[in-house]
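Pasted below: data_16.pdb, PDB, C-alpha atoms.
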ATOM      1  CA  ASP C   1      46.111  39.547 -22.127  1.00  0.00           C
ATOM      2  CA  VAL C   2      48.094  37.444 -19.708  1.00  0.00           C
ATOM      3  CA  LYS C   3      47.174  33.814 -19.856  1.00  0.00           C
ATOM      4  CA  VAL C   4      47.828  31.239 -17.168  1.00  0.00           C
ATOM      5  CA  THR C   5      46.652  27.833 -18.287  1.00  0.00           C
ATOM      6  CA  GLN C   6      46.190  24.840 -16.043  1.00  0.00           C
ATOM      7  CA  SER C   7      46.149  21.582 -17.945  1.00  0.00           C
ATOM      8  CA  SER C   8      43.077  20.074 -16.293  1.00  0.00           C
ATOM      9  CA  ARG C   9      39.927  21.574 -14.776  1.00  0.00           C
ATOM     10  CA  TYR C  10      38.945  18.340 -13.014  1.00  0.00           C
ATOM     11  CA  LEU C  11      40.990  15.305 -11.992  1.00  0.00           C
ATOM     12  CA  VAL C  12      40.030  12.141 -10.140  1.00  0.00           C
ATOM     13  CA  LYS C  13      42.872  10.012  -8.784  1.00  0.00           C
ATOM     14  CA  ARG C  14      43.320   7.039  -6.482  1.00  0.00           C
ATOM     15  CA  THR C  15      45.090   7.083  -3.143  1.00  0.00           C
ATOM     16  CA  GLY C  16      48.787   6.390  -3.628  1.00  0.00           C
ATOM     17  CA  GLU C  17      48.931   7.537  -7.240  1.00  0.00           C
ATOM     18  CA  LYS C  18      51.551  10.023  -8.401  1.00  0.00           C
ATOM     19  CA  VAL C  19      49.777  13.116  -9.687  1.00  0.00           C
ATOM     20  CA  PHE C  20      51.101  15.878 -11.931  1.00  0.00           C
ATOM     21  CA  LEU C  21      49.393  19.263 -12.173  1.00  0.00           C
ATOM     22  CA  GLU C  22      50.698  21.397 -14.995  1.00  0.00           C
ATOM     23  CA  CYS C  23      50.654  25.161 -15.379  1.00  0.00           C
ATOM     24  CA  VAL C  24      51.812  27.258 -18.311  1.00  0.00           C
ATOM     25  CA  GLN C  25      52.031  31.052 -18.603  1.00  0.00           C
ATOM     26  CA  ASP C  26      52.591  33.007 -21.779  1.00  0.00           C
ATOM     27  CA  MET C  27      53.969  36.301 -20.462  1.00  0.00           C
ATOM     28  CA  ASP C  28      57.603  35.435 -19.688  1.00  0.00           C
ATOM     29  CA  HIS C  29      57.048  35.990 -15.962  1.00  0.00           C
ATOM     30  CA  GLU C  30      59.894  34.971 -13.678  1.00  0.00           C
ATOM     31  CA  ASN C  31      57.745  34.125 -10.669  1.00  0.00           C
ATOM     32  CA  MET C  32      55.196  31.324 -10.527  1.00  0.00           C
ATOM     33  CA  PHE C  33      53.129  29.967  -7.640  1.00  0.00           C
ATOM     34  CA  TRP C  34      50.984  27.048  -6.558  1.00  0.00           C
ATOM     35  CA  TYR C  35      48.162  27.615  -4.072  1.00  0.00           C
ATOM     36  CA  ARG C  36      45.639  25.324  -2.551  1.00  0.00           C
ATOM     37  CA  GLN C  37      42.105  26.611  -1.912  1.00  0.00           C
ATOM     38  CA  ASP C  38      39.817  25.037   0.684  1.00  0.00           C
ATOM     39  CA  PRO C  39      36.512  26.361   2.078  1.00  0.00           C
ATOM     40  CA  GLY C  40      37.086  28.601   5.061  1.00  0.00           C
ATOM     41  CA  LEU C  41      40.880  28.456   4.692  1.00  0.00           C
ATOM     42  CA  GLY C  42      41.365  30.790   1.750  1.00  0.00           C
ATOM     43  CA  LEU C  43      44.392  30.480  -0.511  1.00  0.00           C
ATOM     44  CA  ARG C  44      47.379  28.772   1.032  1.00  0.00           C
ATOM     45  CA  LEU C  45      50.763  28.837  -0.660  1.00  0.00           C
ATOM     46  CA  ILE C  46      52.282  25.436  -1.380  1.00  0.00           C
ATOM     47  CA  TYR C  47      55.421  26.331  -3.348  1.00  0.00           C
ATOM     48  CA  PHE C  48      56.689  29.139  -5.486  1.00  0.00           C
ATOM     49  CA  SER C  49      59.456  29.567  -7.992  1.00  0.00           C
ATOM     50  CA  TYR C  50      61.180  32.878  -8.637  1.00  0.00           C
ATOM     51  CA  ASP C  51      63.062  31.619 -11.667  1.00  0.00           C
ATOM     52  CA  VAL C  52      63.879  28.520 -13.693  1.00  0.00           C
ATOM     53  CA  LYS C  53      65.098  25.650 -11.489  1.00  0.00           C
ATOM     54  CA  MET C  54      64.528  27.771  -8.376  1.00  0.00           C
ATOM     55  CA  LYS C  55      61.895  26.925  -5.792  1.00  0.00           C
ATOM     56  CA  GLU C  56      60.843  27.964  -2.326  1.00  0.00           C
ATOM     57  CA  LYS C  57      58.554  26.223   0.123  1.00  0.00           C
ATOM     58  CA  GLY C  58      55.363  27.997   1.006  1.00  0.00           C
ATOM     59  CA  ASP C  59      53.183  27.467   4.040  1.00  0.00           C
ATOM     60  CA  ILE C  60      52.020  23.895   3.321  1.00  0.00           C
ATOM     61  CA  PRO C  61      54.679  22.064   1.227  1.00  0.00           C
ATOM     62  CA  GLU C  62      54.323  18.667   2.910  1.00  0.00           C
ATOM     63  CA  GLY C  63      53.303  15.949   0.486  1.00  0.00           C
ATOM     64  CA  TYR C  64      54.079  18.099  -2.562  1.00  0.00           C
ATOM     65  CA  SER C  65      57.037  18.824  -4.793  1.00  0.00           C
ATOM     66  CA  VAL C  66      57.480  21.110  -7.804  1.00  0.00           C
ATOM     67  CA  SER C  67      59.446  21.316 -11.009  1.00  0.00           C
ATOM     68  CA  ARG C  68      60.410  24.371 -13.071  1.00  0.00           C
ATOM     69  CA  GLU C  69      62.588  23.289 -15.983  1.00  0.00           C
ATOM     70  CA  LYS C  70      61.354  26.011 -18.351  1.00  0.00           C
ATOM     71  CA  LYS C  71      60.330  29.543 -17.589  1.00  0.00           C
ATOM     72  CA  GLU C  72      56.788  29.158 -18.852  1.00  0.00           C
ATOM     73  CA  ARG C  73      55.945  25.904 -17.052  1.00  0.00           C
ATOM     74  CA  PHE C  74      55.551  25.137 -13.357  1.00  0.00           C
ATOM     75  CA  SER C  75      54.477  21.667 -12.295  1.00  0.00           C
ATOM     76  CA  LEU C  76      53.061  20.542  -8.975  1.00  0.00           C
ATOM     77  CA  ILE C  77      53.655  16.908  -8.066  1.00  0.00           C
ATOM     78  CA  LEU C  78      51.834  14.837  -5.494  1.00  0.00           C
ATOM     79  CA  GLU C  79      54.247  11.963  -4.918  1.00  0.00           C
ATOM     80  CA  SER C  80      51.639   9.688  -3.339  1.00  0.00           C
ATOM     81  CA  ALA C  81      48.175  11.211  -3.387  1.00  0.00           C
ATOM     82  CA  SER C  82      46.115  11.053  -0.216  1.00  0.00           C
ATOM     83  CA  THR C  83      42.456  11.841   0.425  1.00  0.00           C
ATOM     84  CA  ASN C  84      43.373  14.970   2.399  1.00  0.00           C
ATOM     85  CA  GLN C  85      44.852  16.405  -0.777  1.00  0.00           C
ATOM     86  CA  THR C  86      41.408  16.613  -2.333  1.00  0.00           C
ATOM     87  CA  SER C  87      41.137  20.322  -3.061  1.00  0.00           C
ATOM     88  CA  MET C  88      41.147  23.127  -5.617  1.00  0.00           C
ATOM     89  CA  TYR C  89      44.650  23.926  -6.853  1.00  0.00           C
ATOM     90  CA  LEU C  90      45.431  27.332  -8.302  1.00  0.00           C
ATOM     91  CA  CYS C  91      48.508  28.328 -10.261  1.00  0.00           C
ATOM     92  CA  ALA C  92      49.628  31.946 -10.628  1.00  0.00           C
ATOM     93  CA  SER C  93      52.391  33.879 -12.325  1.00  0.00           C
ATOM     94  CA  ARG C  94      53.652  37.320 -11.392  1.00  0.00           C
ATOM     95  CA  GLU C  95      54.605  40.359 -13.391  1.00  0.00           C
ATOM     96  CA  LEU C  96      57.574  41.588 -11.351  1.00  0.00           C
ATOM     97  CA  ALA C  97      57.570  45.194 -12.485  1.00  0.00           C
ATOM     98  CA  LYS C  98      54.074  45.790 -11.085  1.00  0.00           C
ATOM     99  CA  ASN C  99      53.992  42.894  -8.592  1.00  0.00           C
ATOM    100  CA  ILE C 100      50.686  41.714 -10.056  1.00  0.00           C
ATOM    101  CA  GLN C 101      49.743  38.040  -9.836  1.00  0.00           C
ATOM    102  CA  TYR C 102      47.602  36.399 -12.495  1.00  0.00           C
ATOM    103  CA  PHE C 103      45.755  33.189 -11.744  1.00  0.00           C
ATOM    104  CA  GLY C 104      44.721  30.195 -13.783  1.00  0.00           C
ATOM    105  CA  ALA C 105      41.173  28.818 -13.639  1.00  0.00           C
ATOM    106  CA  GLY C 106      42.115  26.104 -11.159  1.00  0.00           C
ATOM    107  CA  THR C 107      42.221  22.308 -11.067  1.00  0.00           C
ATOM    108  CA  ARG C 108      39.724  20.557  -8.858  1.00  0.00           C
ATOM    109  CA  LEU C 109      41.402  17.367  -7.675  1.00  0.00           C
ATOM    110  CA  SER C 110      39.533  14.517  -6.022  1.00  0.00           C
ATOM    111  CA  VAL C 111      41.546  11.720  -4.432  1.00  0.00           C
ATOM    112  CA  LEU C 112      39.483   8.613  -3.746  1.00  0.00           C
TER     113      LEU C 112
ATOM    114  CA  GLY O   1      56.066  36.198   8.462  1.00  0.00           C
ATOM    115  CA  GLU O   2      53.068  38.098   7.181  1.00  0.00           C
ATOM    116  CA  ASN O   3      49.565  37.260   8.432  1.00  0.00           C
ATOM    117  CA  VAL O   4      46.411  38.692   6.894  1.00  0.00           C
ATOM    118  CA  GLU O   5      43.043  38.690   8.656  1.00  0.00           C
ATOM    119  CA  GLN O   6      39.878  39.375   6.652  1.00  0.00           C
ATOM    120  CA  HIS O   7      36.357  40.198   7.881  1.00  0.00           C
ATOM    121  CA  PRO O   8      33.559  39.402   7.502  1.00  0.00           C
ATOM    122  CA  SER O   9      33.637  35.881   6.091  1.00  0.00           C
ATOM    123  CA  THR O  10      30.163  36.337   4.586  1.00  0.00           C
ATOM    124  CA  LEU O  11      28.289  39.490   3.659  1.00  0.00           C
ATOM    125  CA  SER O  12      24.754  39.813   2.295  1.00  0.00           C
ATOM    126  CA  VAL O  13      23.466  43.116   0.924  1.00  0.00           C
ATOM    127  CA  GLN O  14      20.555  44.360  -1.111  1.00  0.00           C
ATOM    128  CA  GLU O  15      21.172  45.567  -4.632  1.00  0.00           C
ATOM    129  CA  GLY O  16      22.136  49.219  -4.558  1.00  0.00           C
ATOM    130  CA  ASP O  17      23.589  49.112  -1.039  1.00  0.00           C
ATOM    131  CA  SER O  18      27.276  49.510  -0.237  1.00  0.00           C
ATOM    132  CA  ALA O  19      29.555  46.684   0.875  1.00  0.00           C
ATOM    133  CA  VAL O  20      32.725  47.006   2.936  1.00  0.00           C
ATOM    134  CA  ILE O  21      35.319  44.299   3.517  1.00  0.00           C
ATOM    135  CA  LYS O  22      38.173  44.867   5.951  1.00  0.00           C
ATOM    136  CA  CYS O  23      41.644  43.354   6.254  1.00  0.00           C
ATOM    137  CA  THR O  24      44.489  43.727   8.704  1.00  0.00           C
ATOM    138  CA  TYR O  25      48.097  42.696   8.200  1.00  0.00           C
ATOM    139  CA  SER O  26      50.982  42.094  10.567  1.00  0.00           C
ATOM    140  CA  ASP O  27      54.215  42.797   8.650  1.00  0.00           C
ATOM    141  CA  SER O  28      55.064  46.499   8.548  1.00  0.00           C
ATOM    142  CA  ALA O  29      57.386  45.788   5.565  1.00  0.00           C
ATOM    143  CA  SER O  30      54.370  44.970   3.365  1.00  0.00           C
ATOM    144  CA  ASN O  31      53.754  47.707   0.840  1.00  0.00           C
ATOM    145  CA  TYR O  32      51.466  46.221  -1.805  1.00  0.00           C
ATOM    146  CA  PHE O  33      47.820  45.348  -1.143  1.00  0.00           C
ATOM    147  CA  PRO O  34      45.722  43.834  -3.944  1.00  0.00           C
ATOM    148  CA  TRP O  35      42.109  42.711  -3.931  1.00  0.00           C
ATOM    149  CA  TYR O  36      40.920  39.742  -5.975  1.00  0.00           C
ATOM    150  CA  LYS O  37      37.447  38.686  -7.015  1.00  0.00           C
ATOM    151  CA  GLN O  38      36.689  35.020  -7.622  1.00  0.00           C
ATOM    152  CA  GLU O  39      33.535  34.077  -9.445  1.00  0.00           C
ATOM    153  CA  LEU O  40      32.163  30.554  -9.353  1.00  0.00           C
ATOM    154  CA  GLY O  41      34.301  28.132 -11.332  1.00  0.00           C
ATOM    155  CA  LYS O  42      37.009  30.678 -12.087  1.00  0.00           C
ATOM    156  CA  GLY O  43      40.384  31.671 -10.736  1.00  0.00           C
ATOM    157  CA  PRO O  44      40.787  34.898  -8.725  1.00  0.00           C
ATOM    158  CA  GLN O  45      41.060  38.071 -10.776  1.00  0.00           C
ATOM    159  CA  LEU O  46      42.685  41.298  -9.669  1.00  0.00           C
ATOM    160  CA  ILE O  47      40.113  44.076  -9.328  1.00  0.00           C
ATOM    161  CA  ILE O  48      42.063  46.838  -7.597  1.00  0.00           C
ATOM    162  CA  ASP O  49      45.308  47.304  -5.714  1.00  0.00           C
ATOM    163  CA  ILE O  50      46.985  49.942  -3.596  1.00  0.00           C
ATOM    164  CA  ARG O  51      50.582  50.627  -2.704  1.00  0.00           C
ATOM    165  CA  SER O  52      51.797  52.065   0.559  1.00  0.00           C
ATOM    166  CA  ASN O  53      52.561  55.509  -0.797  1.00  0.00           C
ATOM    167  CA  VAL O  54      48.832  56.313  -1.227  1.00  0.00           C
ATOM    168  CA  GLY O  55      45.908  56.237   1.181  1.00  0.00           C
ATOM    169  CA  GLU O  56      43.025  55.716  -1.193  1.00  0.00           C
ATOM    170  CA  LYS O  57      42.372  54.549  -4.732  1.00  0.00           C
ATOM    171  CA  LYS O  58      39.143  54.504  -6.689  1.00  0.00           C
ATOM    172  CA  ASP O  59      37.962  52.757  -9.839  1.00  0.00           C
ATOM    173  CA  GLN O  60      34.330  53.443 -10.697  1.00  0.00           C
ATOM    174  CA  ARG O  61      32.225  51.727  -7.991  1.00  0.00           C
ATOM    175  CA  ILE O  62      35.206  50.188  -6.226  1.00  0.00           C
ATOM    176  CA  ALA O  63      37.565  51.917  -3.812  1.00  0.00           C
ATOM    177  CA  VAL O  64      40.313  50.767  -1.497  1.00  0.00           C
ATOM    178  CA  THR O  65      41.651  52.621   1.537  1.00  0.00           C
ATOM    179  CA  LEU O  66      44.881  51.966   3.393  1.00  0.00           C
ATOM    180  CA  ASN O  67      45.909  52.959   6.899  1.00  0.00           C
ATOM    181  CA  LYS O  68      49.586  52.006   7.288  1.00  0.00           C
ATOM    182  CA  THR O  69      49.778  53.157  10.882  1.00  0.00           C
ATOM    183  CA  ALA O  70      46.978  50.856  11.944  1.00  0.00           C
ATOM    184  CA  LYS O  71      47.980  48.191   9.380  1.00  0.00           C
ATOM    185  CA  HIS O  72      44.570  47.824   7.858  1.00  0.00           C
ATOM    186  CA  PHE O  73      43.000  48.260   4.455  1.00  0.00           C
ATOM    187  CA  SER O  74      39.445  48.049   3.203  1.00  0.00           C
ATOM    188  CA  LEU O  75      37.490  47.414   0.010  1.00  0.00           C
ATOM    189  CA  HIS O  76      34.400  49.520  -0.610  1.00  0.00           C
ATOM    190  CA  ILE O  77      31.849  48.644  -3.274  1.00  0.00           C
ATOM    191  CA  THR O  78      29.084  51.173  -3.860  1.00  0.00           C
ATOM    192  CA  GLU O  79      25.771  50.669  -5.663  1.00  0.00           C
ATOM    193  CA  THR O  80      26.166  46.909  -5.549  1.00  0.00           C
ATOM    194  CA  GLN O  81      24.759  44.777  -8.351  1.00  0.00           C
ATOM    195  CA  PRO O  82      23.964  41.039  -8.506  1.00  0.00           C
ATOM    196  CA  GLU O  83      27.070  40.491 -10.654  1.00  0.00           C
ATOM    197  CA  ASP O  84      29.188  41.696  -7.721  1.00  0.00           C
ATOM    198  CA  SER O  85      28.282  38.432  -5.957  1.00  0.00           C
ATOM    199  CA  ALA O  86      31.545  36.493  -5.600  1.00  0.00           C
ATOM    200  CA  VAL O  87      34.308  35.632  -3.162  1.00  0.00           C
ATOM    201  CA  TYR O  88      36.693  38.525  -2.484  1.00  0.00           C
ATOM    202  CA  PHE O  89      40.245  38.070  -1.229  1.00  0.00           C
ATOM    203  CA  CYS O  90      42.589  40.679   0.153  1.00  0.00           C
ATOM    204  CA  ALA O  91      46.351  40.110   0.140  1.00  0.00           C
ATOM    205  CA  ALA O  92      49.547  41.747   1.306  1.00  0.00           C
ATOM    206  CA  SER O  93      53.136  41.522   0.158  1.00  0.00           C
ATOM    207  CA  PRO O  94      56.482  43.227   0.504  1.00  0.00           C
ATOM    208  CA  ASN O  95      57.389  44.380  -2.981  1.00  0.00           C
ATOM    209  CA  GLN O  96      60.321  42.028  -3.453  1.00  0.00           C
ATOM    210  CA  ALA O  97      61.090  39.375  -6.030  1.00  0.00           C
ATOM    211  CA  GLY O  98      61.552  36.554  -3.555  1.00  0.00           C
ATOM    212  CA  THR O  99      58.312  36.913  -1.652  1.00  0.00           C
ATOM    213  CA  ALA O 100      54.766  35.772  -2.290  1.00  0.00           C
ATOM    214  CA  LEU O 101      51.379  37.338  -1.687  1.00  0.00           C
ATOM    215  CA  ILE O 102      49.739  36.290   1.567  1.00  0.00           C
ATOM    216  CA  PHE O 103      45.966  36.088   1.269  1.00  0.00           C
ATOM    217  CA  GLY O 104      43.129  36.567   3.691  1.00  0.00           C
ATOM    218  CA  LYS O 105      40.589  33.764   4.019  1.00  0.00           C
ATOM    219  CA  GLY O 106      38.059  35.436   1.752  1.00  0.00           C
ATOM    220  CA  THR O 107      34.638  37.063   1.992  1.00  0.00           C
ATOM    221  CA  THR O 108      31.608  35.636   0.227  1.00  0.00           C
ATOM    222  CA  LEU O 109      29.514  38.578  -0.933  1.00  0.00           C
ATOM    223  CA  SER O 110      25.895  37.956  -1.918  1.00  0.00           C
ATOM    224  CA  VAL O 111      23.927  40.753  -3.566  1.00  0.00           C
ATOM    225  CA  SER O 112      20.203  40.123  -3.766  1.00  0.00           C
ATOM    226  CA  SER O 113      17.899  41.981  -6.104  1.00  0.00           C
TER     227      SER O 113
END
Could I get this file's structure written as structure tokens?
Amino acid sequence: DVKVTQSSRYLVKRTGEKVFLECVQDMDHENMFWYRQDPGLGLRLIYFSYDVKMKEKGDIPEGYSVSREKKERFSLILESASTNQTSMYLCASRELAKNIQYFGAGTRLSVL
Amino acid sequence: GENVEQHPSTLSVQEGDSAVIKCTYSDSASNYFPWYKQELGKGPQLIIDIRSNVGEKKDQRIAVTLNKTAKHFSLHITETQPEDSAVYFCAASPNQAGTALIFGKGTTLSVSS
């Protein structure tokens, strides 16, 4: 089974802190994604990476950056956390041959 | 870019009834349409998908239909059960390496027994 693992289920951070959300997949997928999920807004794409060291902005990249130094790991970075970044963050990886995306369980981030 | 609209946002049915969720998309280049189910506290999981070369696909109690001309696709769940209660997301994507799935806003389905 494909496994996408997000390092934390819950995080509480202070305004202004630098926050790292980590995601690891075990299926050698080239593509990885970070989404943000808010009630009534669905899943919004923050950034995606179609290969190591490659990244593309999604619909809401402001206030975020990403890092993909190894194929299996995709990190989302909040340079200076703000209260409006309180949300559920979902990581996904994609099997290119079938175009199927697999999601992690999510990280619920609270910024106080 | 692609835009996906999903309706309704909430749906309540009695156990045993059918449920239908509808989505429309804007980009005629999209050719892959998955549906995800998200249970409380979990990430979305793929339940069924359809590609543009077919009009309908079925998997036990779940079916998806696609109308490429009208740019809409629908999820049908028959004989609903309480464990079908979840948030359902539709999505659309061109089948290319450099593109991402675009999701609808989700439908919260509640099945009461």
- Any chance you could resolve the PyMOL selection byres ((chain O) within 12 of (chain C)) against this file and give the residues as number ranges by chain? O: 1-10, 31-51, 87-108
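Of the residues under consideration (C:Val52, C:Leu112, C:Val66, C:Leu11), C:Leu112 shows the shortest atom-to-atom contact distance to Asn84 (chain C) when counting all atoms listed in the file.
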Padding of 8 Å on every side, edges along x, y and z, all listed atoms of region 83-89 of chain C included: what centre and edge lengths in Å, to one decimal, does that box have, as AutoDock Vina command-line options?
--center_x 43.0 --center_y 17.9 --center_z -2.2 --size_x 19.7 --size_y 28.1 --size_z 25.3
- Task: Tell me, in Å to one decimal, how far CA of Ile62 (chain O) is from CA of Arg36 (chain C).
- Result: 27.2 Å
- Message: Given all atoms listed in the file as the basis, pick out the residue of C:Ser67, C:Ser87, C:Ser7, C:Ser110 nearest to Glu22 (chain C).
- Response: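 For Glu22 (chain C), the nearest of the given residues is C:Ser7.
CA of Gln6 (chain C) is positioned 9.6 Å from CA of Ser75 (chain C).
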Reconstructed region 16-26 of chain O, atom set all heavy atoms, as a compact mmCIF listing (two decimals), in the coordinates of the input:
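Dumped everything to rebuild.txt:
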# COMPACT_ATOMS: atom_id res chain seq x y z
N GLY O 16 22.13 47.77 -4.73
CA GLY O 16 22.14 49.22 -4.56
C GLY O 16 22.80 49.68 -3.27
O GLY O 16 23.23 50.84 -3.16
N ASP O 17 22.91 48.77 -2.28
CA ASP O 17 23.59 49.11 -1.04
C ASP O 17 25.10 49.10 -1.25
O ASP O 17 25.60 48.63 -2.28
CB ASP O 17 23.24 48.10 0.06
CG ASP O 17 21.82 48.28 0.57
OD1 ASP O 17 21.18 49.30 0.21
OD2 ASP O 17 21.35 47.41 1.32
N SER O 18 25.82 49.58 -0.23
CA SER O 18 27.28 49.51 -0.24
C SER O 18 27.75 48.29 0.53
O SER O 18 27.05 47.79 1.42
CB SER O 18 27.86 50.76 0.41
OG SER O 18 27.58 51.90 -0.37
N ALA O 19 28.93 47.81 0.18
CA ALA O 19 29.56 46.68 0.88
C ALA O 19 30.97 47.08 1.25
O ALA O 19 31.69 47.71 0.45
CB ALA O 19 29.56 45.44 -0.01
N VAL O 20 31.37 46.71 2.46
CA VAL O 20 32.72 47.01 2.94
C VAL O 20 33.35 45.73 3.48
O VAL O 20 32.74 45.03 4.29
CB VAL O 20 32.72 48.08 4.05
CG1 VAL O 20 34.15 48.35 4.51
CG2 VAL O 20 32.05 49.35 3.55
N ILE O 21 34.55 45.45 3.04
CA ILE O 21 35.32 44.30 3.52
C ILE O 21 36.64 44.83 4.08
O ILE O 21 37.28 45.67 3.45
CB ILE O 21 35.60 43.30 2.38
CG1 ILE O 21 34.27 42.84 1.75
CG2 ILE O 21 36.38 42.09 2.91
CD1 ILE O 21 34.45 42.04 0.47
N LYS O 22 37.00 44.32 5.27
CA LYS O 22 38.17 44.87 5.95
C LYS O 22 39.25 43.80 6.13
O LYS O 22 38.95 42.63 6.38
CB LYS O 22 37.75 45.42 7.32
CG LYS O 22 36.76 46.55 7.21
CD LYS O 22 36.42 47.15 8.56
CE LYS O 22 35.45 48.30 8.38
NZ LYS O 22 35.12 48.96 9.67
N CYS O 23 40.50 44.25 6.04
CA CYS O 23 41.64 43.35 6.25
C CYS O 23 42.68 44.05 7.13
O CYS O 23 42.86 45.27 7.04
CB CYS O 23 42.28 42.96 4.92
SG CYS O 23 41.25 41.84 3.97
N THR O 24 43.34 43.24 7.95
CA THR O 24 44.49 43.73 8.70
C THR O 24 45.69 42.86 8.37
O THR O 24 45.54 41.69 8.01
CB THR O 24 44.24 43.68 10.22
OG1 THR O 24 43.97 42.31 10.60
CG2 THR O 24 43.05 44.53 10.62
N TYR O 25 46.88 43.43 8.48
CA TYR O 25 48.10 42.70 8.20
C TYR O 25 49.08 42.91 9.34
O TYR O 25 48.93 43.84 10.13
CB TYR O 25 48.69 43.10 6.84
CG TYR O 25 49.11 44.54 6.73
CD1 TYR O 25 50.44 44.92 6.89
CD2 TYR O 25 48.17 45.54 6.44
CE1 TYR O 25 50.83 46.23 6.77
CE2 TYR O 25 48.56 46.86 6.32
CZ TYR O 25 49.88 47.20 6.47
OH TYR O 25 50.27 48.52 6.35
N SER O 26 50.10 42.05 9.40
CA SER O 26 50.98 42.09 10.57
C SER O 26 52.38 42.62 10.25
O SER O 26 53.05 43.17 11.12
CB SER O 26 51.11 40.70 11.17
OG SER O 26 51.65 39.80 10.21
